[in-house]
>>> print(open('data_10.cif').read())   # mmCIF, C-alpha atoms and all ligand atoms
data_input
#
loop_
_atom_site.label_atom_id
_atom_site.label_comp_id
_atom_site.auth_asym_id
_atom_site.auth_seq_id
_atom_site.Cartn_x
_atom_site.Cartn_y
_atom_site.Cartn_z
CA MET A 64 38.07 -49.45 -27.04
CA ASP A 65 38.45 -52.83 -25.37
CA PHE A 66 39.96 -55.95 -26.91
CA GLU A 67 36.68 -57.92 -26.86
CA LYS A 68 35.11 -55.23 -29.02
CA LEU A 69 37.95 -55.46 -31.58
CA THR A 70 37.59 -59.25 -31.74
CA GLU A 71 33.85 -58.84 -32.20
CA LEU A 72 34.26 -56.29 -35.02
CA ILE A 73 36.32 -58.84 -36.99
CA ILE A 74 33.86 -61.68 -36.35
CA GLU A 75 30.95 -59.43 -37.33
CA LEU A 76 32.89 -58.34 -40.48
CA GLU A 77 32.48 -54.63 -39.67
CA VAL A 78 34.68 -53.45 -42.51
CA ASP A 79 33.52 -49.81 -42.22
CA ASP A 80 34.16 -49.49 -38.47
CA ILE A 81 37.36 -51.43 -37.88
CA GLU A 82 39.89 -48.79 -38.94
CA ALA A 83 38.50 -46.17 -36.53
CA ALA A 84 38.27 -48.77 -33.76
CA VAL A 85 41.92 -49.81 -34.15
CA LYS A 86 42.95 -46.16 -34.27
CA GLU A 87 41.04 -45.50 -31.06
CA ALA A 88 42.65 -48.48 -29.31
CA LEU A 89 46.13 -47.28 -30.30
CA GLU A 90 45.34 -43.73 -29.20
CA ASP A 91 44.15 -45.17 -25.86
CA GLY A 92 47.71 -46.43 -25.47
CA LYS A 93 47.00 -50.11 -26.17
CA ASP A 94 50.03 -52.15 -27.21
CA PRO A 95 49.82 -52.79 -31.00
CA PHE A 96 50.72 -56.43 -30.39
CA ASP A 97 47.78 -56.85 -28.01
CA VAL A 98 45.57 -55.22 -30.66
CA LEU A 99 46.96 -57.73 -33.18
CA SER A 100 46.12 -60.61 -30.80
CA ALA A 101 42.55 -59.35 -30.43
CA LEU A 102 42.14 -59.14 -34.23
CA THR A 103 43.75 -62.54 -34.74
CA LYS A 104 41.38 -64.04 -32.20
CA GLY A 105 38.54 -62.71 -34.36
CA MET A 106 40.11 -64.17 -37.51
CA ASP A 107 40.53 -67.55 -35.77
CA GLU A 108 36.81 -67.52 -35.00
CA VAL A 109 35.99 -66.54 -38.62
CA GLY A 110 38.16 -69.45 -39.80
CA LYS A 111 36.38 -71.79 -37.41
CA ARG A 112 32.97 -70.65 -38.61
CA TYR A 113 34.11 -71.14 -42.23
CA GLU A 114 35.28 -74.68 -41.48
CA GLU A 115 31.97 -75.40 -39.75
CA LYS A 116 30.13 -74.01 -42.80
CA GLU A 117 28.47 -71.30 -40.75
CA TYR A 118 30.42 -68.74 -42.80
CA TYR A 119 31.03 -69.03 -46.55
CA LEU A 120 33.47 -67.60 -49.05
CA THR A 121 31.70 -64.20 -49.02
CA GLU A 122 32.33 -63.86 -45.28
CA LEU A 123 35.94 -65.01 -45.69
CA VAL A 124 36.50 -62.37 -48.39
CA LEU A 125 34.89 -59.71 -46.21
CA ALA A 126 36.94 -60.79 -43.20
CA GLY A 127 40.06 -60.41 -45.36
CA GLU A 128 38.93 -56.91 -46.33
CA THR A 129 38.21 -56.06 -42.68
CA MET A 130 41.71 -57.16 -41.65
CA LYS A 131 43.17 -55.14 -44.51
CA GLU A 132 41.41 -52.02 -43.21
CA ALA A 133 42.64 -52.73 -39.67
CA PHE A 134 46.19 -53.12 -40.94
CA LYS A 135 46.19 -49.69 -42.54
CA VAL A 136 46.59 -48.25 -39.06
CA LEU A 137 48.03 -51.23 -37.22
CA GLN A 138 50.92 -52.05 -39.58
CA PRO A 139 52.81 -48.74 -38.99
CA ALA A 140 52.33 -49.12 -35.23
CA LEU A 141 53.69 -52.68 -35.33
CA ALA A 142 56.61 -51.63 -37.51
CA ALA A 143 57.48 -48.80 -35.09
CA SER A 144 57.67 -51.27 -32.22
CA ASP A 145 60.94 -53.17 -31.84
CA ARG A 146 59.26 -56.46 -30.99
CA SER A 147 58.33 -58.75 -33.80
CA VAL A 148 56.00 -61.72 -33.49
CA ASP A 149 57.77 -63.74 -36.10
CA LYS A 150 60.82 -63.05 -38.19
CA THR A 151 59.89 -65.59 -40.87
CA LYS A 152 59.80 -63.82 -44.22
CA ILE A 153 57.24 -64.86 -46.78
CA ILE A 154 56.97 -63.91 -50.43
CA LEU A 155 53.42 -64.00 -51.75
CA ALA A 156 52.38 -63.71 -55.40
CA THR A 157 49.93 -64.78 -58.06
CA VAL A 158 51.82 -66.49 -60.87
CA LYS A 159 52.67 -64.95 -64.24
CA GLY A 160 49.71 -64.66 -66.62
CA ASP A 161 47.14 -64.81 -63.81
CA ASN A 162 45.24 -61.71 -62.67
CA HIS A 163 43.20 -63.26 -59.85
CA ASP A 164 44.20 -61.91 -56.46
CA ILE A 165 41.22 -62.16 -54.10
CA GLY A 166 42.30 -65.52 -52.63
CA LYS A 167 45.93 -64.39 -52.46
CA ASN A 168 44.90 -61.25 -50.58
CA ILE A 169 42.88 -63.24 -48.04
CA LEU A 170 45.89 -65.46 -47.39
CA GLY A 171 48.05 -62.32 -47.16
CA SER A 172 45.88 -60.70 -44.53
CA LEU A 173 45.77 -63.91 -42.49
CA LEU A 174 49.57 -64.18 -42.68
CA LEU A 175 49.94 -60.56 -41.58
CA SER A 176 47.55 -61.16 -38.72
CA SER A 177 49.70 -64.13 -37.67
CA GLY A 178 52.66 -61.75 -37.48
CA PHE A 179 54.74 -62.95 -40.42
CA GLU A 180 56.87 -60.49 -42.39
CA LEU A 181 55.03 -60.44 -45.69
CA HIS A 182 56.31 -59.35 -49.10
CA ASP A 183 53.31 -59.29 -51.41
CA LEU A 184 54.46 -58.97 -55.03
CA GLY A 185 50.92 -58.75 -56.42
CA MET A 186 49.64 -60.67 -59.42
CA ASP A 187 51.01 -61.69 -62.82
CA VAL A 188 54.49 -62.05 -61.31
CA ASP A 189 57.43 -63.37 -63.30
CA ALA A 190 59.56 -66.18 -61.81
CA ASP A 191 62.69 -64.01 -62.03
CA VAL A 192 61.05 -61.26 -59.97
CA ILE A 193 60.33 -63.84 -57.26
CA VAL A 194 63.91 -65.11 -57.32
CA ASP A 195 65.25 -61.54 -57.05
CA LYS A 196 62.98 -60.90 -54.07
CA VAL A 197 64.25 -64.05 -52.32
CA LYS A 198 67.81 -62.76 -52.80
CA GLU A 199 66.87 -59.29 -51.55
CA THR A 200 64.87 -60.34 -48.47
CA GLY A 201 66.27 -63.74 -47.52
CA ALA A 202 62.71 -65.07 -47.46
CA THR A 203 62.40 -68.74 -46.53
CA ILE A 204 58.84 -69.33 -47.71
CA ILE A 205 57.20 -68.60 -51.06
CA ALA A 206 53.41 -68.81 -51.33
CA LEU A 207 52.01 -68.83 -54.86
CA SER A 208 48.45 -68.57 -56.06
CA SER A 209 47.24 -69.88 -59.42
CA LEU A 210 43.57 -69.84 -60.38
CA LEU A 211 43.90 -70.70 -64.05
CA THR A 212 44.64 -74.19 -65.39
CA MET A 213 46.62 -72.39 -68.08
CA THR A 214 49.03 -70.84 -65.56
CA VAL A 215 49.70 -73.66 -63.07
CA GLU A 216 52.83 -74.57 -65.09
CA GLN A 217 54.27 -71.26 -63.88
CA ILE A 218 54.80 -72.92 -60.51
CA LYS A 219 57.31 -75.20 -62.21
CA SER A 220 59.02 -72.16 -63.73
CA VAL A 221 59.47 -70.68 -60.24
CA HIS A 222 60.79 -74.02 -58.94
CA GLU A 223 63.26 -74.22 -61.86
CA ALA A 224 64.34 -70.58 -61.58
CA LEU A 225 65.05 -71.10 -57.86
CA LYS A 226 67.14 -74.18 -58.74
CA VAL A 227 69.16 -72.26 -61.34
CA ALA A 228 69.80 -69.51 -58.78
CA GLY A 229 70.96 -72.14 -56.24
CA LEU A 230 68.17 -71.14 -53.86
CA ARG A 231 65.79 -74.08 -54.11
CA ASP A 232 67.04 -75.78 -50.93
CA SER A 233 66.78 -72.62 -48.83
CA VAL A 234 63.08 -71.95 -49.45
CA LYS A 235 59.81 -73.82 -49.03
CA LEU A 236 57.30 -73.42 -51.84
CA ILE A 237 53.59 -73.66 -51.00
CA VAL A 238 50.86 -73.21 -53.59
CA GLY A 239 47.10 -72.84 -53.73
CA GLY A 240 44.20 -72.15 -56.05
CA ALA A 241 41.23 -74.07 -57.42
CA PRO A 242 42.95 -76.01 -60.25
CA LEU A 243 45.58 -77.41 -57.86
CA ASN A 244 45.77 -80.35 -55.50
CA MET A 245 48.61 -81.85 -53.48
CA GLU A 246 49.58 -84.33 -56.19
CA LEU A 247 49.75 -81.73 -58.97
CA ALA A 248 51.52 -79.26 -56.66
CA LYS A 249 54.26 -81.81 -55.92
CA ARG A 250 54.53 -82.71 -59.61
CA LEU A 251 55.14 -79.04 -60.39
CA GLY A 252 57.97 -78.90 -57.85
CA ALA A 253 56.14 -77.35 -54.88
CA ASP A 254 56.70 -78.60 -51.33
CA ASP A 255 53.15 -78.13 -50.11
CA PHE A 256 49.56 -77.27 -51.04
CA ALA A 257 46.53 -76.09 -49.08
CA ASP A 258 42.88 -75.96 -50.11
CA ASP A 259 42.04 -72.64 -48.53
CA ALA A 260 43.65 -69.69 -46.81
CA VAL A 261 42.87 -70.84 -43.26
CA ASP A 262 44.51 -74.19 -43.88
CA GLY A 263 47.26 -72.38 -45.80
CA VAL A 264 48.28 -70.46 -42.68
CA ARG A 265 48.36 -73.70 -40.72
CA HIS A 266 50.62 -75.31 -43.34
CA ILE A 267 52.86 -72.24 -43.51
CA LYS A 268 53.28 -72.24 -39.73
CA ALA A 269 54.36 -75.89 -39.99
CA LEU A 270 56.79 -75.06 -42.81
CA ALA A 271 58.20 -72.25 -40.69
CA GLY A 272 58.74 -74.81 -37.93
CA LYS A 273 56.11 -73.72 -35.43
C1 LIG A 301 36.64 -63.09 -59.64
C2 LIG A 301 37.08 -63.87 -60.86
C3 LIG A 301 37.76 -63.17 -61.85
C4 LIG A 301 38.14 -61.71 -61.73
C5 LIG A 301 39.41 -61.61 -60.85
C6 LIG A 301 39.43 -60.37 -59.99
C7 LIG A 301 40.56 -60.43 -59.01
N1 LIG A 301 41.09 -59.25 -58.69
O1 LIG A 301 40.96 -61.45 -58.51
C8 LIG A 301 38.38 -61.33 -63.21
C9 LIG A 301 37.11 -60.77 -63.76
C10 LIG A 301 39.52 -60.35 -63.46
C11 LIG A 301 38.64 -62.69 -63.85
C12 LIG A 301 39.26 -62.84 -65.07
C13 LIG A 301 39.40 -64.08 -65.73
N2 LIG A 301 38.95 -65.27 -65.30
CO1 LIG A 301 38.21 -65.53 -63.53
N3 LIG A 301 37.22 -65.95 -62.04
C14 LIG A 301 36.82 -65.26 -60.98
C15 LIG A 301 35.95 -66.15 -60.04
C16 LIG A 301 34.50 -65.82 -60.31
C17 LIG A 301 36.22 -66.02 -58.56
C18 LIG A 301 37.68 -66.22 -58.13
C19 LIG A 301 37.82 -65.79 -56.69
O2 LIG A 301 38.28 -64.71 -56.39
N4 LIG A 301 37.35 -66.62 -55.76
C20 LIG A 301 37.32 -66.29 -54.34
C21 LIG A 301 38.67 -66.62 -53.71
C22 LIG A 301 38.60 -66.31 -52.21
O3 LIG A 301 38.92 -67.98 -53.87
P1 LIG A 301 40.26 -68.55 -54.47
O4 LIG A 301 40.90 -67.57 -55.34
O5 LIG A 301 40.03 -69.93 -54.96
O6 LIG A 301 41.22 -68.64 -53.20
C23 LIG A 301 41.01 -69.53 -52.13
C24 LIG A 301 41.80 -70.85 -52.25
O7 LIG A 301 41.96 -71.26 -53.58
C25 LIG A 301 43.06 -70.60 -51.52
N5 LIG A 301 44.21 -70.02 -52.20
C26 LIG A 301 44.29 -69.19 -53.25
N6 LIG A 301 45.53 -68.89 -53.51
C27 LIG A 301 46.31 -69.52 -52.62
C28 LIG A 301 47.68 -69.56 -52.45
C29 LIG A 301 48.21 -70.35 -51.44
C30 LIG A 301 49.69 -70.39 -51.24
C31 LIG A 301 47.35 -71.10 -50.58
C32 LIG A 301 47.93 -71.93 -49.52
C33 LIG A 301 45.97 -71.04 -50.75
C34 LIG A 301 45.47 -70.26 -51.75
O8 LIG A 301 42.68 -69.71 -50.49
C35 LIG A 301 41.63 -68.84 -50.94
C36 LIG A 301 40.69 -68.55 -49.80
O9 LIG A 301 40.38 -69.66 -49.05
C37 LIG A 301 36.34 -67.59 -60.55
C38 LIG A 301 35.26 -68.65 -60.41
C39 LIG A 301 35.24 -69.24 -59.02
N7 LIG A 301 34.07 -69.43 -58.51
O10 LIG A 301 36.29 -69.51 -58.45
C40 LIG A 301 36.70 -67.34 -62.02
C41 LIG A 301 37.74 -68.25 -62.74
C42 LIG A 301 38.91 -68.52 -61.82
N8 LIG A 301 38.16 -67.42 -63.85
C43 LIG A 301 38.31 -68.11 -64.94
C44 LIG A 301 38.68 -67.56 -66.19
C45 LIG A 301 38.70 -68.51 -67.37
C46 LIG A 301 39.03 -66.20 -66.32
C47 LIG A 301 39.47 -65.48 -67.60
C48 LIG A 301 40.43 -66.26 -68.49
C49 LIG A 301 38.18 -65.09 -68.32
C50 LIG A 301 38.37 -64.50 -69.70
N9 LIG A 301 38.00 -65.30 -70.69
O11 LIG A 301 38.86 -63.39 -69.81
C51 LIG A 301 40.09 -64.19 -67.05
C52 LIG A 301 41.60 -64.37 -66.84
C53 LIG A 301 42.33 -63.13 -66.54
C54 LIG A 301 43.73 -63.44 -66.10
N10 LIG A 301 44.71 -63.32 -66.96
O12 LIG A 301 43.91 -63.84 -64.97
C55 LIG A 301 38.04 -69.60 -64.72
C56 LIG A 301 39.31 -70.43 -64.67
C57 LIG A 301 39.15 -71.77 -65.33
C58 LIG A 301 40.42 -72.54 -65.26
N11 LIG A 301 40.42 -73.60 -64.47
O13 LIG A 301 41.40 -72.20 -65.86
C59 LIG A 301 37.18 -69.57 -63.43
C60 LIG A 301 37.29 -70.83 -62.58
C61 LIG A 301 35.71 -69.36 -63.90
C62 LIG A 301 35.16 -70.54 -64.69
N12 LIG A 301 34.44 -71.42 -64.03
O14 LIG A 301 35.39 -70.64 -65.83
N13 LIG A 301 38.16 -63.68 -63.08
#
>>> encode(input="data_10.cif", output="C-alpha cells")
Amino acid sequence: MDFEKLTELIIELEVDDIEAAVKEALEDGKDPFDVLSALTKGMDEVGKRYEEKEYYLTELVLAGETMKEAFKVLQPALAASDRSVDKTKIILATVKGDNHDIGKNILGSLLLSSGFELHDLGMDVDADVIVDKVKETGATIIALSSLLTMTVEQIKSVHEALKVAGLRDSVKLIVGGAPLNMELAKRLGADDFADDAVDGVRHIKALAGK
C-alpha cells in the first residue's frame, strides 16, 4: 500500500476501502505519521476542490466519513507512537439544545487529520461540562457548533461560564454554524468564527499560533 494510493482513496471518497488500506499500510510497517500525512494531503485536495466548487457539501461530508473510517485504525497507532504532531488540545462540541453534529464531525475529522489532540464532547453539551473539560485537559481552544438560531445564545453561556471559572483568558473560543457570522460570534463573546470546516482548521491553526 503506497502513500499515493492512500491520498487517492481520500480524494476519491472511498469510504468502504479506506480502513483496510490504512490497516495494510500499517501492517507493511509504514510509519503512522507518514500515513497521516498521506491522508491529510488527500483532505487538503478535497478542501481545495470544495473551495473551487468542484466538490460540494455531499463530498465534504463523505470525505469526513472517510477520514473517520481511516482513524479507526490510525488513531491507536498514532497514540502508541511517542511522537505527536501537535500538542494543542481542542475541545469540540455542539451547544446545549442543539442535536446537529454533521458539520461538527467534519471539523473534528479535519482537526484530527491535522494532528491536534481532540476532545469531542458530542452534541447538546452544557456550558459547565465544557468548563470541566477545560479544567481536566488544559485545552487552549474550544470549537463550538450551533445550527439553530434558538441555540446561538448558548455560546454566550459558555463564554460567561469560562469567565466565572477564571478560565476565559486561557482559552480561545471559535464558533461555526449557519446562523452565525463574525459579528454575531464576537457579540456572543467568541474570539473567532469560520464559515466552513476547511476555513475553520485554518483559523484554528492561527489561534494555536502556527
Ligand atoms: C440534517 C439536519 C437535521 C438532522 C440533524 C442530524 C445530525 N446528526 O446532525 C435532524 C433531523 C436531527 C434535525 C433536527 C432539527 N432541525 Co435540522 N437540519 C438539518 C439540515 C438539513 C442539514 C444540517 C447539516 O448537517 N448540514 C451539513 C453540514 C456539513 O453543514 P453545517 O452543519 O452547516 O456545518 C458546516 C459549517 O456550518 C461549519 N461548521 C459547523 N459547525 C462548526 C463549528 C466550528 C467551530 C467551525 C469553525 C465551523 C463549523 O463547517 C461545516 C462544514 O463545512 C439543516 C438544513 C441545512 N441545509 O443546513 C436543517 C436545519 C439546521 N434544522 C433546522 C431545524 C429547525 C431543526 C429542528 C428544530 C426541526 C424540528 N422542528 O424538530 C430539529 C432540531 C433538533 C435539535 N434539538 O437540534 C433549521 C434551523 C433553522 C434555524 N436557523 O434555527 C434548518 C436550517 C432547516 C431549515 N431550513 O429550517 N436537523
>>> atom_distance(input="data_10.cif", atom1="atom O11 of ligand LIG 301 (chain A)", atom2="CA of Lys196 in chain A")
28.9 Å
>>> atom_distance(input="data_10.cif", atom1="atom C5 of ligand LIG 301 (chain A)", atom2="CA of Glu77 in chain A")
23.4 Å
>>> atom_distance(input="data_10.cif", atom1="atom N11 of ligand LIG 301 (chain A)", atom2="CA of Asp195 in chain A")
28.6 Å
>>> residues_near_ligand(input="data_10.cif", ligand="ligand LIG 301 (chain A)", cutoff="8 Å", atoms="only C-alpha atoms and all ligand atoms", output="PyMOL selection string")
chain A and resi 120-121+123-124+155+157+160-167+169-170+187+205-214+237-242+256-264+266-267
>>> closest_residue(input="data_10.cif", among="A:Glu90, A:Glu216, A:Glu115, A:Asp189", to="Arg250 in chain A", atoms="only C-alpha atoms")
A:Glu216
>>> closest_residue(input="data_10.cif", among="A:Val215, A:Leu141, A:Leu72, A:Val197", to="Leu247 in chain A", atoms="only C-alpha atoms")
A:Val215
>>> closest_residue(input="data_10.cif", among="A:Leu69, A:Val221, A:Leu236, A:Met130", to="Asp191 in chain A", atoms="all atoms listed in the file")
A:Val221
>>> closest_residue(input="data_10.cif", among="A:Ala248, A:Ala84, A:Leu174, A:Val194", to="Lys226 in chain A", atoms="only C-alpha atoms")
A:Val194
>>> residues_around(input="data_10.cif", residues="Ile81 in chain A", least_positions_apart="4", cutoff="10 Å", atoms="all atoms listed in the file", output="ChimeraX atom specification")
/A:68-73,76-77,85-87,102,129-134,136
>>> decode(input="data_10.cif", residues="range 234-247 of chain A", atoms="all heavy atoms", output="PDB file, in the first residue's frame")
ATOM      1  N   VAL A 234      -8.209  30.439  27.176  1.00  0.00           N
ATOM      2  CA  VAL A 234      -8.697  29.687  26.012  1.00  0.00           C
ATOM      3  C   VAL A 234      -9.182  30.613  24.901  1.00  0.00           C
ATOM      4  O   VAL A 234      -9.613  31.740  25.150  1.00  0.00           O
ATOM      5  CB  VAL A 234      -9.873  28.723  26.357  1.00  0.00           C
ATOM      6  CG1 VAL A 234      -9.439  27.595  27.239  1.00  0.00           C
ATOM      7  CG2 VAL A 234     -11.043  29.470  26.963  1.00  0.00           C
ATOM      8  N   LYS A 235      -9.078  30.111  23.674  1.00  0.00           N
ATOM      9  CA  LYS A 235      -9.650  30.812  22.526  1.00  0.00           C
ATOM     10  C   LYS A 235     -10.939  30.092  22.160  1.00  0.00           C
ATOM     11  O   LYS A 235     -10.984  28.860  22.122  1.00  0.00           O
ATOM     12  CB  LYS A 235      -8.694  30.766  21.331  1.00  0.00           C
ATOM     13  CG  LYS A 235      -7.388  31.501  21.576  1.00  0.00           C
ATOM     14  CD  LYS A 235      -7.583  32.990  21.477  1.00  0.00           C
ATOM     15  CE  LYS A 235      -6.255  33.719  21.645  1.00  0.00           C
ATOM     16  NZ  LYS A 235      -6.445  35.120  22.049  1.00  0.00           N
ATOM     17  N   LEU A 236     -11.968  30.875  21.885  1.00  0.00           N
ATOM     18  CA  LEU A 236     -13.279  30.300  21.555  1.00  0.00           C
ATOM     19  C   LEU A 236     -13.616  30.601  20.103  1.00  0.00           C
ATOM     20  O   LEU A 236     -13.740  31.766  19.717  1.00  0.00           O
ATOM     21  CB  LEU A 236     -14.321  30.918  22.499  1.00  0.00           C
ATOM     22  CG  LEU A 236     -15.776  30.496  22.390  1.00  0.00           C
ATOM     23  CD1 LEU A 236     -15.930  28.994  22.565  1.00  0.00           C
ATOM     24  CD2 LEU A 236     -16.614  31.220  23.466  1.00  0.00           C
ATOM     25  N   ILE A 237     -13.732  29.529  19.298  1.00  0.00           N
ATOM     26  CA  ILE A 237     -14.106  29.699  17.890  1.00  0.00           C
ATOM     27  C   ILE A 237     -15.443  28.997  17.658  1.00  0.00           C
ATOM     28  O   ILE A 237     -15.684  27.925  18.216  1.00  0.00           O
ATOM     29  CB  ILE A 237     -13.016  29.189  16.916  1.00  0.00           C
ATOM     30  CG1 ILE A 237     -13.488  29.355  15.450  1.00  0.00           C
ATOM     31  CG2 ILE A 237     -12.599  27.756  17.182  1.00  0.00           C
ATOM     32  CD1 ILE A 237     -12.394  29.173  14.410  1.00  0.00           C
ATOM     33  N   VAL A 238     -16.301  29.625  16.865  1.00  0.00           N
ATOM     34  CA  VAL A 238     -17.636  29.068  16.648  1.00  0.00           C
ATOM     35  C   VAL A 238     -17.967  28.983  15.164  1.00  0.00           C
ATOM     36  O   VAL A 238     -17.368  29.669  14.338  1.00  0.00           O
ATOM     37  CB  VAL A 238     -18.710  29.918  17.383  1.00  0.00           C
ATOM     38  CG1 VAL A 238     -18.477  29.889  18.882  1.00  0.00           C
ATOM     39  CG2 VAL A 238     -18.738  31.342  16.872  1.00  0.00           C
ATOM     40  N   GLY A 239     -18.944  28.122  14.853  1.00  0.00           N
ATOM     41  CA  GLY A 239     -19.388  27.987  13.472  1.00  0.00           C
ATOM     42  C   GLY A 239     -20.782  27.409  13.403  1.00  0.00           C
ATOM     43  O   GLY A 239     -21.310  26.894  14.396  1.00  0.00           O
ATOM     44  N   GLY A 240     -21.377  27.514  12.230  1.00  0.00           N
ATOM     45  CA  GLY A 240     -22.749  27.051  12.027  1.00  0.00           C
ATOM     46  C   GLY A 240     -23.515  28.098  11.240  1.00  0.00           C
ATOM     47  O   GLY A 240     -23.197  29.294  11.330  1.00  0.00           O
ATOM     48  N   ALA A 241     -24.503  27.647  10.476  1.00  0.00           N
ATOM     49  CA  ALA A 241     -25.192  28.519   9.526  1.00  0.00           C
ATOM     50  C   ALA A 241     -25.767  29.830  10.092  1.00  0.00           C
ATOM     51  O   ALA A 241     -25.687  30.857   9.418  1.00  0.00           O
ATOM     52  CB  ALA A 241     -26.277  27.721   8.811  1.00  0.00           C
ATOM     53  N   PRO A 242     -26.360  29.846  11.315  1.00  0.00           N
ATOM     54  CA  PRO A 242     -26.944  31.116  11.752  1.00  0.00           C
ATOM     55  C   PRO A 242     -25.921  32.155  12.207  1.00  0.00           C
ATOM     56  O   PRO A 242     -26.280  33.287  12.511  1.00  0.00           O
ATOM     57  CB  PRO A 242     -27.841  30.719  12.935  1.00  0.00           C
ATOM     58  CG  PRO A 242     -27.451  29.360  13.333  1.00  0.00           C
ATOM     59  CD  PRO A 242     -26.584  28.764  12.286  1.00  0.00           C
ATOM     60  N   LEU A 243     -24.631  31.782  12.210  1.00  0.00           N
ATOM     61  CA  LEU A 243     -23.607  32.669  12.764  1.00  0.00           C
ATOM     62  C   LEU A 243     -22.848  33.441  11.690  1.00  0.00           C
ATOM     63  O   LEU A 243     -22.802  33.034  10.529  1.00  0.00           O
ATOM     64  CB  LEU A 243     -22.606  31.843  13.578  1.00  0.00           C
ATOM     65  CG  LEU A 243     -23.164  31.288  14.891  1.00  0.00           C
ATOM     66  CD1 LEU A 243     -22.330  30.104  15.345  1.00  0.00           C
ATOM     67  CD2 LEU A 243     -23.176  32.367  15.959  1.00  0.00           C
ATOM     68  N   ASN A 244     -22.277  34.532  12.103  1.00  0.00           N
ATOM     69  CA  ASN A 244     -21.296  35.259  11.283  1.00  0.00           C
ATOM     70  C   ASN A 244     -20.301  35.878  12.257  1.00  0.00           C
ATOM     71  O   ASN A 244     -20.485  35.779  13.470  1.00  0.00           O
ATOM     72  CB  ASN A 244     -21.984  36.326  10.420  1.00  0.00           C
ATOM     73  CG  ASN A 244     -22.836  37.264  11.263  1.00  0.00           C
ATOM     74  OD1 ASN A 244     -22.380  37.809  12.273  1.00  0.00           O
ATOM     75  ND2 ASN A 244     -24.096  37.426  10.887  1.00  0.00           N
ATOM     76  N   MET A 245     -19.248  36.499  11.724  1.00  0.00           N
ATOM     77  CA  MET A 245     -18.196  37.011  12.604  1.00  0.00           C
ATOM     78  C   MET A 245     -18.742  38.035  13.608  1.00  0.00           C
ATOM     79  O   MET A 245     -18.408  37.987  14.791  1.00  0.00           O
ATOM     80  CB  MET A 245     -17.072  37.639  11.765  1.00  0.00           C
ATOM     81  CG  MET A 245     -15.850  38.027  12.547  1.00  0.00           C
ATOM     82  SD  MET A 245     -15.010  36.620  13.356  1.00  0.00           S
ATOM     83  CE  MET A 245     -13.846  36.146  12.074  1.00  0.00           C
ATOM     84  N   GLU A 246     -19.625  38.909  13.134  1.00  0.00           N
ATOM     85  CA  GLU A 246     -20.145  39.968  14.001  1.00  0.00           C
ATOM     86  C   GLU A 246     -20.941  39.383  15.169  1.00  0.00           C
ATOM     87  O   GLU A 246     -20.719  39.738  16.328  1.00  0.00           O
ATOM     88  CB  GLU A 246     -21.029  40.894  13.158  1.00  0.00           C
ATOM     89  CG  GLU A 246     -21.292  42.215  13.828  1.00  0.00           C
ATOM     90  CD  GLU A 246     -22.551  42.871  13.291  1.00  0.00           C
ATOM     91  OE1 GLU A 246     -22.869  42.658  12.100  1.00  0.00           O
ATOM     92  OE2 GLU A 246     -23.210  43.574  14.081  1.00  0.00           O
ATOM     93  N   LEU A 247     -21.844  38.457  14.849  1.00  0.00           N
ATOM     94  CA  LEU A 247     -22.665  37.830  15.892  1.00  0.00           C
ATOM     95  C   LEU A 247     -21.782  37.015  16.844  1.00  0.00           C
ATOM     96  O   LEU A 247     -21.957  37.053  18.067  1.00  0.00           O
ATOM     97  CB  LEU A 247     -23.736  36.937  15.238  1.00  0.00           C
ATOM     98  CG  LEU A 247     -24.667  36.168  16.168  1.00  0.00           C
ATOM     99  CD1 LEU A 247     -25.391  37.115  17.140  1.00  0.00           C
ATOM    100  CD2 LEU A 247     -25.707  35.372  15.368  1.00  0.00           C
TER     101      LEU A 247
END
